[in-house]
$ cat protein.cif   # mmCIF, N, CA, C and O atoms
data_final
loop_
_atom_site.label_atom_id
_atom_site.label_comp_id
_atom_site.auth_asym_id
_atom_site.auth_seq_id
_atom_site.Cartn_x
_atom_site.Cartn_y
_atom_site.Cartn_z
N MET A 1 0.84 -1.18 0.00
CA MET A 1 0.00 0.00 0.00
C MET A 1 0.89 1.25 0.00
O MET A 1 1.84 1.35 0.76
N ILE A 2 0.57 2.20 -0.87
CA ILE A 2 1.37 3.40 -1.01
C ILE A 2 0.97 4.41 0.05
O ILE A 2 -0.20 4.70 0.26
N LYS A 3 1.96 4.97 0.72
CA LYS A 3 1.69 6.00 1.73
C LYS A 3 1.57 7.35 1.04
O LYS A 3 2.45 7.77 0.30
N ARG A 4 0.47 8.05 1.25
CA ARG A 4 0.23 9.34 0.64
C ARG A 4 0.86 10.45 1.48
O ARG A 4 0.94 10.35 2.69
N ASN A 5 1.29 11.48 0.81
CA ASN A 5 1.82 12.65 1.50
C ASN A 5 0.68 13.44 2.11
O ASN A 5 -0.38 13.58 1.52
N THR A 6 0.91 13.98 3.27
CA THR A 6 -0.08 14.88 3.86
C THR A 6 0.20 16.29 3.37
O THR A 6 1.25 16.58 2.79
N LEU A 7 -0.74 17.17 3.60
CA LEU A 7 -0.57 18.56 3.16
C LEU A 7 0.64 19.22 3.80
O LEU A 7 1.35 19.99 3.15
N ASN A 8 0.89 18.93 5.07
CA ASN A 8 2.05 19.53 5.74
C ASN A 8 3.36 19.06 5.13
O ASN A 8 4.29 19.85 4.97
N GLN A 9 3.45 17.79 4.78
CA GLN A 9 4.66 17.28 4.15
C GLN A 9 4.86 17.89 2.77
O GLN A 9 5.98 18.25 2.41
N ILE A 10 3.78 18.04 2.02
CA ILE A 10 3.87 18.66 0.70
C ILE A 10 4.29 20.12 0.83
O ILE A 10 5.16 20.60 0.09
N ARG A 11 3.71 20.84 1.78
CA ARG A 11 4.05 22.25 2.00
C ARG A 11 5.52 22.41 2.35
O ARG A 11 6.21 23.28 1.80
N GLU A 12 6.04 21.58 3.24
CA GLU A 12 7.45 21.66 3.62
C GLU A 12 8.36 21.33 2.45
O GLU A 12 9.39 21.97 2.26
N HIS A 13 7.96 20.35 1.64
CA HIS A 13 8.77 19.97 0.49
C HIS A 13 8.81 21.09 -0.55
O HIS A 13 9.87 21.37 -1.13
N VAL A 14 7.68 21.75 -0.77
CA VAL A 14 7.64 22.87 -1.72
C VAL A 14 8.48 24.03 -1.20
O VAL A 14 9.23 24.66 -1.96
N GLN A 15 8.40 24.33 0.09
CA GLN A 15 9.14 25.45 0.66
C GLN A 15 10.65 25.26 0.56
O GLN A 15 11.39 26.23 0.46
N THR A 16 11.13 24.04 0.57
CA THR A 16 12.57 23.81 0.46
C THR A 16 13.10 24.04 -0.94
O THR A 16 14.31 24.16 -1.12
N HIS A 17 12.22 24.12 -1.93
CA HIS A 17 12.66 24.27 -3.32
C HIS A 17 12.28 25.62 -3.93
O HIS A 17 12.21 25.74 -5.15
N ILE A 18 12.08 26.63 -3.11
CA ILE A 18 11.76 27.97 -3.61
C ILE A 18 12.98 28.51 -4.38
O ILE A 18 14.11 28.40 -3.93
N GLY A 19 12.71 29.07 -5.54
CA GLY A 19 13.76 29.63 -6.38
C GLY A 19 14.28 28.66 -7.42
O GLY A 19 15.11 29.03 -8.25
N GLU A 20 13.79 27.44 -7.43
CA GLU A 20 14.25 26.44 -8.39
C GLU A 20 13.28 26.34 -9.56
O GLU A 20 12.11 26.66 -9.45
N LYS A 21 13.80 25.89 -10.69
CA LYS A 21 12.99 25.75 -11.89
C LYS A 21 12.15 24.48 -11.80
O LYS A 21 12.64 23.42 -11.41
N VAL A 22 10.85 24.61 -12.13
CA VAL A 22 9.93 23.49 -12.05
C VAL A 22 9.14 23.37 -13.35
O VAL A 22 9.02 24.32 -14.12
N ARG A 23 8.61 22.17 -13.58
CA ARG A 23 7.70 21.93 -14.70
C ARG A 23 6.34 21.58 -14.11
O ARG A 23 6.23 20.68 -13.27
N LEU A 24 5.31 22.30 -14.53
CA LEU A 24 3.94 22.07 -14.06
C LEU A 24 3.14 21.34 -15.13
O LEU A 24 3.17 21.73 -16.30
N LYS A 25 2.45 20.32 -14.72
CA LYS A 25 1.50 19.65 -15.59
C LYS A 25 0.15 19.74 -14.90
O LYS A 25 -0.08 19.07 -13.90
N ALA A 26 -0.71 20.61 -15.42
CA ALA A 26 -1.98 20.89 -14.76
C ALA A 26 -3.13 20.28 -15.56
O ALA A 26 -3.20 20.42 -16.78
N ASN A 27 -4.02 19.61 -14.85
CA ASN A 27 -5.22 19.04 -15.44
C ASN A 27 -6.30 20.10 -15.46
O ASN A 27 -6.74 20.57 -14.43
N LYS A 28 -6.74 20.49 -16.65
CA LYS A 28 -7.74 21.53 -16.79
C LYS A 28 -9.15 20.97 -16.98
O LYS A 28 -10.08 21.72 -17.18
N GLY A 29 -9.31 19.67 -16.93
CA GLY A 29 -10.63 19.06 -17.08
C GLY A 29 -10.92 18.71 -18.53
O GLY A 29 -10.34 19.26 -19.46
N ARG A 30 -11.81 17.76 -18.72
CA ARG A 30 -12.22 17.30 -20.04
C ARG A 30 -11.02 16.95 -20.92
O ARG A 30 -10.92 17.37 -22.08
N LYS A 31 -10.10 16.21 -20.36
CA LYS A 31 -8.92 15.70 -21.06
C LYS A 31 -8.00 16.81 -21.57
O LYS A 31 -7.30 16.64 -22.56
N LYS A 32 -8.01 17.95 -20.92
CA LYS A 32 -7.14 19.06 -21.29
C LYS A 32 -6.06 19.21 -20.23
O LYS A 32 -6.37 19.35 -19.05
N THR A 33 -4.83 19.18 -20.64
CA THR A 33 -3.72 19.40 -19.72
C THR A 33 -2.80 20.46 -20.30
O THR A 33 -2.67 20.58 -21.52
N THR A 34 -2.17 21.22 -19.42
CA THR A 34 -1.19 22.20 -19.85
C THR A 34 0.13 21.88 -19.17
O THR A 34 0.17 21.49 -18.00
N ILE A 35 1.21 22.02 -19.91
CA ILE A 35 2.55 21.79 -19.38
C ILE A 35 3.33 23.09 -19.56
O ILE A 35 3.43 23.60 -20.68
N ARG A 36 3.83 23.61 -18.46
CA ARG A 36 4.58 24.87 -18.48
C ARG A 36 5.78 24.77 -17.57
O ARG A 36 5.78 24.00 -16.61
N GLU A 37 6.79 25.56 -17.85
CA GLU A 37 7.98 25.62 -17.00
C GLU A 37 8.10 27.01 -16.41
O GLU A 37 7.79 28.00 -17.07
N GLY A 38 8.54 27.06 -15.17
CA GLY A 38 8.70 28.33 -14.50
C GLY A 38 9.56 28.17 -13.26
O GLY A 38 10.15 27.13 -13.02
N VAL A 39 9.59 29.22 -12.46
CA VAL A 39 10.39 29.23 -11.24
C VAL A 39 9.43 29.27 -10.06
O VAL A 39 8.50 30.08 -10.03
N LEU A 40 9.67 28.40 -9.09
CA LEU A 40 8.87 28.39 -7.87
C LEU A 40 9.22 29.65 -7.09
O LEU A 40 10.30 29.78 -6.55
N GLU A 41 8.29 30.60 -7.09
CA GLU A 41 8.59 31.93 -6.57
C GLU A 41 8.38 32.06 -5.07
O GLU A 41 9.23 32.60 -4.37
N ASN A 42 7.24 31.58 -4.56
CA ASN A 42 6.96 31.76 -3.15
C ASN A 42 5.98 30.69 -2.69
O ASN A 42 5.24 30.13 -3.48
N ALA A 43 6.00 30.44 -1.38
CA ALA A 43 5.08 29.47 -0.78
C ALA A 43 4.41 30.13 0.41
O ALA A 43 5.08 30.65 1.30
N TYR A 44 3.11 30.13 0.39
CA TYR A 44 2.31 30.71 1.46
C TYR A 44 1.65 29.57 2.24
O TYR A 44 1.76 28.40 1.84
N PRO A 45 0.96 29.87 3.34
CA PRO A 45 0.36 28.78 4.14
C PRO A 45 -0.61 27.88 3.38
O PRO A 45 -0.69 26.70 3.65
N SER A 46 -1.35 28.42 2.40
CA SER A 46 -2.30 27.55 1.70
C SER A 46 -2.08 27.44 0.20
O SER A 46 -2.70 26.60 -0.44
N ILE A 47 -1.20 28.26 -0.39
CA ILE A 47 -0.92 28.19 -1.82
C ILE A 47 0.57 28.37 -2.09
O ILE A 47 1.32 28.82 -1.22
N PHE A 48 0.98 28.01 -3.32
CA PHE A 48 2.33 28.33 -3.77
C PHE A 48 2.22 29.00 -5.13
O PHE A 48 1.26 28.79 -5.87
N VAL A 49 3.21 29.84 -5.46
CA VAL A 49 3.17 30.66 -6.66
C VAL A 49 4.35 30.29 -7.56
O VAL A 49 5.48 30.15 -7.09
N VAL A 50 4.04 30.12 -8.86
CA VAL A 50 5.06 29.82 -9.85
C VAL A 50 5.09 30.96 -10.86
O VAL A 50 4.05 31.36 -11.39
N LYS A 51 6.28 31.48 -11.14
CA LYS A 51 6.46 32.57 -12.09
C LYS A 51 6.82 31.96 -13.44
O LYS A 51 7.82 31.27 -13.58
N ILE A 52 5.98 32.24 -14.45
CA ILE A 52 6.18 31.71 -15.79
C ILE A 52 6.48 32.87 -16.72
O ILE A 52 5.72 33.83 -16.80
N GLU A 53 7.60 32.77 -17.42
CA GLU A 53 7.97 33.81 -18.37
C GLU A 53 7.52 33.39 -19.75
O GLU A 53 7.93 32.35 -20.27
N GLY A 54 6.65 34.20 -20.34
CA GLY A 54 6.14 33.93 -21.68
C GLY A 54 6.94 34.72 -22.71
O GLY A 54 7.93 35.37 -22.41
N GLY A 55 6.48 34.67 -23.92
CA GLY A 55 7.13 35.43 -24.98
C GLY A 55 6.80 36.90 -24.89
O GLY A 55 5.91 37.33 -24.17
N TYR A 56 7.55 37.69 -25.63
CA TYR A 56 7.33 39.13 -25.73
C TYR A 56 7.42 39.84 -24.39
O TYR A 56 6.61 40.71 -24.06
N ASN A 57 8.39 39.49 -23.58
CA ASN A 57 8.65 40.12 -22.29
C ASN A 57 7.46 40.10 -21.34
O ASN A 57 7.25 41.03 -20.57
N SER A 58 6.68 39.07 -21.40
CA SER A 58 5.53 38.96 -20.49
C SER A 58 5.86 37.97 -19.37
O SER A 58 6.51 36.96 -19.59
N VAL A 59 5.40 38.31 -18.18
CA VAL A 59 5.58 37.45 -17.01
C VAL A 59 4.22 37.12 -16.46
O VAL A 59 3.36 37.99 -16.31
N ARG A 60 4.00 35.86 -16.15
CA ARG A 60 2.72 35.42 -15.62
C ARG A 60 2.97 34.64 -14.34
O ARG A 60 3.93 33.88 -14.26
N ARG A 61 2.13 34.87 -13.37
CA ARG A 61 2.23 34.13 -12.11
C ARG A 61 0.97 33.30 -11.95
O ARG A 61 -0.14 33.81 -12.08
N VAL A 62 1.17 32.02 -11.67
CA VAL A 62 0.05 31.13 -11.42
C VAL A 62 0.18 30.58 -10.01
O VAL A 62 1.29 30.40 -9.51
N SER A 63 -0.94 30.37 -9.37
CA SER A 63 -0.91 29.85 -8.01
C SER A 63 -1.77 28.59 -7.93
O SER A 63 -2.80 28.48 -8.60
N TYR A 64 -1.32 27.67 -7.11
CA TYR A 64 -2.03 26.42 -6.89
C TYR A 64 -2.02 26.14 -5.39
O TYR A 64 -1.12 26.57 -4.67
N SER A 65 -2.99 25.38 -4.95
CA SER A 65 -3.01 24.99 -3.54
C SER A 65 -2.27 23.67 -3.39
O SER A 65 -2.05 22.93 -4.35
N TYR A 66 -1.89 23.37 -2.15
CA TYR A 66 -1.18 22.12 -1.87
C TYR A 66 -2.11 20.92 -2.06
O TYR A 66 -1.65 19.83 -2.39
N SER A 67 -3.40 21.14 -1.91
CA SER A 67 -4.34 20.04 -2.14
C SER A 67 -4.42 19.67 -3.62
O SER A 67 -4.80 18.55 -3.95
N ASP A 68 -4.06 20.59 -4.52
CA ASP A 68 -3.99 20.25 -5.94
C ASP A 68 -2.91 19.20 -6.19
O ASP A 68 -3.08 18.32 -7.03
N ILE A 69 -1.81 19.28 -5.48
CA ILE A 69 -0.76 18.27 -5.60
C ILE A 69 -1.23 16.96 -4.99
O ILE A 69 -1.01 15.89 -5.54
N LEU A 70 -1.89 17.05 -3.84
CA LEU A 70 -2.36 15.85 -3.15
C LEU A 70 -3.39 15.09 -3.98
O LEU A 70 -3.35 13.86 -4.05
N THR A 71 -4.29 15.80 -4.63
CA THR A 71 -5.32 15.17 -5.45
C THR A 71 -4.87 14.91 -6.87
O THR A 71 -5.66 14.46 -7.70
N GLU A 72 -3.61 15.21 -7.17
CA GLU A 72 -2.98 14.97 -8.48
C GLU A 72 -3.64 15.77 -9.60
O GLU A 72 -3.65 15.35 -10.74
N THR A 73 -4.20 16.93 -9.27
CA THR A 73 -4.69 17.85 -10.29
C THR A 73 -3.51 18.55 -10.94
O THR A 73 -3.54 18.87 -12.12
N VAL A 74 -2.44 18.75 -10.16
CA VAL A 74 -1.21 19.38 -10.63
C VAL A 74 -0.04 18.48 -10.29
O VAL A 74 0.05 17.99 -9.17
N GLU A 75 0.83 18.26 -11.26
CA GLU A 75 2.08 17.55 -11.01
C GLU A 75 3.21 18.54 -11.11
O GLU A 75 3.34 19.25 -12.10
N VAL A 76 4.02 18.62 -10.08
CA VAL A 76 5.15 19.54 -10.05
C VAL A 76 6.43 18.71 -10.11
O VAL A 76 6.65 17.85 -9.26
N THR A 77 7.27 18.98 -11.11
CA THR A 77 8.51 18.26 -11.29
C THR A 77 9.65 19.25 -11.25
O THR A 77 9.62 20.27 -11.95
N LEU A 78 10.65 18.99 -10.42
CA LEU A 78 11.82 19.85 -10.37
C LEU A 78 12.70 19.58 -11.57
O LEU A 78 12.99 18.43 -11.88
N CYS A 79 13.12 20.64 -12.24
CA CYS A 79 13.98 20.51 -13.41
C CYS A 79 15.41 20.74 -12.98
O CYS A 79 15.84 21.87 -12.77
N ASP A 80 16.14 19.65 -12.82
CA ASP A 80 17.54 19.72 -12.46
C ASP A 80 18.35 19.45 -13.73
O ASP A 80 17.82 18.93 -14.72
N ILE A 81 19.61 19.79 -13.72
CA ILE A 81 20.43 19.59 -14.90
C ILE A 81 20.58 18.10 -15.21
O ILE A 81 20.47 17.68 -16.35
N ASP A 82 20.81 17.31 -14.19
CA ASP A 82 21.08 15.90 -14.41
C ASP A 82 19.84 15.02 -14.36
O ASP A 82 19.71 14.08 -15.13
N ASN A 83 18.94 15.30 -13.44
CA ASN A 83 17.78 14.42 -13.28
C ASN A 83 16.55 15.24 -12.94
O ASN A 83 16.62 16.42 -12.68
N LYS A 84 15.42 14.57 -12.95
CA LYS A 84 14.17 15.21 -12.61
C LYS A 84 13.58 14.55 -11.39
O LYS A 84 13.52 13.34 -11.30
N ILE A 85 13.14 15.37 -10.44
CA ILE A 85 12.59 14.87 -9.17
C ILE A 85 11.16 15.37 -9.07
O ILE A 85 10.90 16.55 -9.25
N GLN A 86 10.25 14.47 -8.77
CA GLN A 86 8.84 14.86 -8.64
C GLN A 86 8.53 15.20 -7.19
O GLN A 86 8.92 14.50 -6.29
N ILE A 87 7.81 16.31 -6.98
CA ILE A 87 7.48 16.74 -5.63
C ILE A 87 6.38 15.90 -5.02
O ILE A 87 6.45 15.50 -3.88
N SER A 88 5.34 15.58 -5.76
CA SER A 88 4.22 14.85 -5.18
C SER A 88 4.55 13.41 -4.90
O SER A 88 5.43 12.82 -5.38
#

$ encode --input "protein.cif" --output "structure tokens"
Amino acid sequence: MIKRNTLNQIREHVQTHIGEKVRLKANKGRKKTTIREGVLENAYPSIFVVKIEGGYNSVRRVSYSYSDILTETVEVTLCDIDNKIQIS
């Protein structure tokens, strides 16, 4: 049986990786998913913020709750030079 992460464990894990590059795979419903890369900018008590740089000098910030990771609505993967580590 697989042990699931609790919200506190997910929150602590996200907070240790602030400032690192991540890849987000978000489920938008009805078989629609978006994959984006950005920098984990900040972590608050109930949400975390990812800064995504788009084209034409535009910057976008998206926020997700820790329960999105727990329910697998969002997959957060750390982009390291050598390997990739999944947060959830």

$ atom_distance --input "protein.cif" --atom1 "atom CA of A:Leu70" --atom2 "atom CA of A:Asn27"
13.0 Å

$ select_by_dssp --input "protein.cif" --residues "stretch 20-77 of chain A" --states "strand (DSSP E)" --output "JSON, numbers by chain"
{"A": [21, 22, 23, 24, 25, 26, 27, 28, 29, 32, 33, 34, 35, 36, 37, 38, 39, 40, 41, 42, 43, 47, 48, 49, 50, 51, 52, 53, 59, 60, 61, 62, 63, 64, 65, 74, 75, 76, 77]}

$ atom_distance --input "protein.cif" --atom1 "atom O of A:Gly55" --atom2 "atom CA of A:Lys25"
20.1 Å

$ select_by_dssp --input "protein.cif" --residues "chain A" --states "alpha helix (DSSP H)" --output "list in words"
Leu7, Asn8, Gln9, Ile10, Arg11, Glu12, His13, Val14, Gln15, Tyr66, Ser67, Asp68, Ile69 and Leu70 of chain A

$ atom_distance --input "protein.cif" --atom1 "atom C of A:Tyr66" --atom2 "atom C of A:Tyr44"
10.4 Å

$ closest_residue --input "protein.cif" --among "A:Thr73, A:Thr33, A:Asn42, A:Ser63" --to "A:Gly19" --atoms "only N, CA, C and O atoms"
A:Asn42

$ resolve_selection --input "protein.cif" --expression "the PyMOL selection byres (((chain A and resi 35 and name CA) around 6) and name CA)" --output "PyMOL selection string"
chain A and resi 24-25+34+36

$ closest_residue --input "protein.cif" --among "A:Val22, A:His13, A:Glu37, A:Thr6" --to "A:Gly54" --atoms "all atoms listed in the file"
A:Glu37

$ residues_around --input "protein.cif" --residues "A:Ile69" --least-positions-apart "5" --cutoff "8 Å" --atoms "only C-alpha atoms" --output "list in words"
Ile10, Val74, Glu75, Val76 and Ser88 of chain A

$ residues_near_point --input "protein.cif" --point "(-1.7, 21.7, 7.7)" --cutoff "12 Å" --atoms "only C-alpha atoms" --output "list of chain:residue names"
A:Asn5, A:Thr6, A:Leu7, A:Asn8, A:Gln9, A:Ile10, A:Arg11, A:Glu12, A:Tyr44, A:Pro45, A:Ser46, A:Ile47, A:Ser65, A:Tyr66, A:Ser67

$ resolve_selection --input "protein.cif" --expression "the PyMOL selection byres (((chain A and resi 41 and name CA) around 12) and name CA)" --output "MDAnalysis selection string"
chainID A and resid 14:22 38:40 42:44 47:53 60:64
